[in-house]
Amino acid sequence: MKKLPFRWKLTLLIMLTSGVTLGIAFAGLYIYDAIQFRGEMQRRVDSTRKVAAEVLIPRLASGEPMSADAFEDMFMPDHQIAAAAVYSPDGKLLARYIRLGSNEFIPRLSDISRIFGADLNVVLVPLRTADGTTLGTLYIKAGVSDSDKERFDNLLRGVGIVFLVSVLFAFIVAYRVQGTISKPITALAAAALRISRDRDYSLRVVGVNASGEIGSLVESFNSMVQTIANRSQELEFARSAAEEAREKTHFANLQLEEANQTLEDRVEERTRALAEASHAADEASRSKSAFLAKMSHELRTPLNAIIGYSEMMLEDAVDAGNTTTADDHKKVLGAARHLLGLINDVLDISKIEAGRMELYVQTFEIETLIRDVASTVSPLVEQKGNTLYVECPPDIGLMQADSTKLRQIILNLLSNAVKFTEKGGITLAVERLPDGQTLSIKVSDTGIGMTPEHMSRLFQAFSQADASTSSKYGGTGLGLAISRQFAQLMGGNVTVDSTQGVGTTFTILLPLQVQSLELKKEPEPVEASEGTETILVGDELVSHSPKQDNSDNFDVLLVEDDPPTREMMRRILERREWRIHAVANGQLALKAIERHVPAAVVLDLKMPIMNGFQFLDRVRVNPIWKDIPVFVFTSMDVTHDIRERLTSCSAGIFQKGNYSREELLQRVHDAVQDHLSV
């Protein structure tokens, strides 16, 4: 079938369509005739039944016997009655009729329903009188007669002859008509084959008389071939141009290879220079880190001693009633603390620029932190005749952030407000924003205010809003820059709104849960072992084992290599009537513990011979000493790694200069007291 030409396929399609149509028509005719015949047969059987009932009912009612001949004469004229019988009410056969030549039989009355079921050719009628008395049952079965069979045979023969003649006629017509359709398509197929084989795009389909869609197809084919011919010509021109361009490109490549060789030499030279510069930058970064670490220790240590001695001498002068000396000591103490603040600011801004500033994220009560900050800054506020208003709901809840840096931000903004406000009002307002995820802290003052030009330079390091304010009010311009950097590290920001002569409002916006892949979260407190308790020292949760001594007069081992600082710390601790044993390094501290186990140890980290880390390692492996609470008191820059290492083996970490003498004493006293009281 697939190999037949298109014209024969079209001819067969037309013949198949005609044949199927005629077949359906003849089948419908045959079915219609059969239905008509069946209806006619049922009508004749019903008529015969009525006639037989009219004859049989009177005879059965009178008791007159029915002869076989009379019964046969009743049904013989109707050739469609194949069998008939009449039964008495008790099912006895009274008379019967079977058409001659048929294979029918007379069943028992009780078997008729089982044998024939719902056969429409079987009629079973009760014979009743007018008053409803049953006289018997009439059984009639219809069948197809010989004449009917002959009629159906003639019909089938006629239909077959008509079908054959119609198919032959359809073949002749299809063969003559298909040429008008197949000839143009055949011409198109032949032209397409030649064009595909010979690449002859000058060939066209001509001499074909076609109209309608086939005519449009022929015209479109000729137009398409013309377009291909034009494109082929253009392609040939392009190929010639490409060949010419290829030759030029080859020549250019030769020149480029020569230039590349020169460039590779230059790149190699520049790469070496870049590697040397990168190495120098790494060395500079390491030098800067080492400088920061050394500066942190070397500057904070003597300043801490100055602050400590100044506090003690100030206390002695106040106790002695020497107001002049007390005022002098206050000035020394203020200058030392100011210098320590400057050092801390310079170190902080250096760490921020070097990308070494770390966050220690922990959960804390917002209201507690605000209350502590307000308590810290209150003396400074009152010194200039100002009033501090704190607006913080007691149920504001918890925050997860770096509490130390948040505290420093708020203190910087409050200190800035105090500096530029005299006999006015300063407001610290704290609230949760409606989104439930952001904390807003506003510091407002009624000070001198700023112009838009001043605010544009406000957060630049080593810059102040107005040059004249530096000489009148002092300051380095680092506090606000550091505050904004700290806020941005925690995913927030610090903004300002000010009107000159009216006042200034700084707004801190921070997420309630500081989360960032770039930030390092402070380690969770270690799980306390059996017999230990967890306490808060230096803003940290730590674990240690309690002792049974409940006395305030306990032994403390002080380990500090710097003599002035060691003497200052000893005198500070002795003021609480603690028994202090001071040594200069970790090795001497181990010997002191061997002689007598103290209630607590105050430990510096950076010491000769044996430093604080080595001392802690030795103490924690000794089963007798491992539960002694050790409080680290250092001027080193405590990085995340150092803090993580110390958290599991120390009871608290204190940064020198970050705590006042009284605050330090109270924290150590409370921690040791808790340790000894359980």
# chains A, B, ... in the order shown; residues from 1 in each chain; ligands from 1
$ residues_around --residues "Thr21 of chain A" --least-positions-apart "5" --cutoff "12 Å" --atoms "only C-alpha atoms" --output "number ranges by chain"
A: 14-16, 26-28, 163, 166-167, 170
$ closest_residue --among "A:Val225, A:Leu480, A:Ile609, A:Gln488" --to "Phe506 of chain A" --atoms "only C-alpha atoms"
A:Leu480
$ residues_around --residues "Ile593 of chain A" --least-positions-apart "2" --cutoff "12 Å" --atoms "only C-alpha atoms" --output "ChimeraX atom specification"
/A:555-559,581-583,586-591,595-601,615,618-619,622,624-626,628
$ write_last_selection --atoms "C-alpha atoms" --output "PDB file, in the first residue's frame"
ATOM      1  CA  ASP A 555      41.859  33.543 100.522  1.00  0.00           C
ATOM      2  CA  VAL A 556      42.433  34.913  97.037  1.00  0.00           C
ATOM      3  CA  LEU A 557      45.468  34.150  94.865  1.00  0.00           C
ATOM      4  CA  LEU A 558      46.453  37.148  92.661  1.00  0.00           C
ATOM      5  CA  VAL A 559      48.584  36.311  89.578  1.00  0.00           C
ATOM      6  CA  HIS A 581      48.634  36.153  98.137  1.00  0.00           C
ATOM      7  CA  ALA A 582      50.183  37.825  95.051  1.00  0.00           C
ATOM      8  CA  VAL A 583      52.654  36.167  92.622  1.00  0.00           C
ATOM      9  CA  GLY A 586      51.792  31.088  86.485  1.00  0.00           C
ATOM     10  CA  GLN A 587      54.667  28.922  87.693  1.00  0.00           C
ATOM     11  CA  LEU A 588      54.785  30.680  91.071  1.00  0.00           C
ATOM     12  CA  ALA A 589      50.993  30.459  91.217  1.00  0.00           C
ATOM     13  CA  LEU A 590      51.140  26.652  90.875  1.00  0.00           C
ATOM     14  CA  LYS A 591      53.602  26.453  93.735  1.00  0.00           C
ATOM     15  CA  ARG A 595      51.013  24.930  99.529  1.00  0.00           C
ATOM     16  CA  HIS A 596      47.456  26.177 100.071  1.00  0.00           C
ATOM     17  CA  VAL A 597      44.311  25.913  97.917  1.00  0.00           C
ATOM     18  CA  PRO A 598      42.695  29.391  97.680  1.00  0.00           C
ATOM     19  CA  ALA A 599      38.986  30.176  97.493  1.00  0.00           C
ATOM     20  CA  ALA A 600      39.481  31.964  94.145  1.00  0.00           C
ATOM     21  CA  VAL A 601      42.180  33.026  91.675  1.00  0.00           C
ATOM     22  CA  PHE A 615      48.304  27.974  84.135  1.00  0.00           C
ATOM     23  CA  ARG A 618      47.570  22.793  84.467  1.00  0.00           C
ATOM     24  CA  VAL A 619      44.866  23.666  87.002  1.00  0.00           C
ATOM     25  CA  ASN A 622      44.252  18.435  88.518  1.00  0.00           C
ATOM     26  CA  ILE A 624      41.815  18.774  93.443  1.00  0.00           C
ATOM     27  CA  TRP A 625      42.223  22.186  91.785  1.00  0.00           C
ATOM     28  CA  LYS A 626      39.856  21.912  88.795  1.00  0.00           C
ATOM     29  CA  ILE A 628      38.681  26.510  91.926  1.00  0.00           C
TER      30      ILE A 628
END
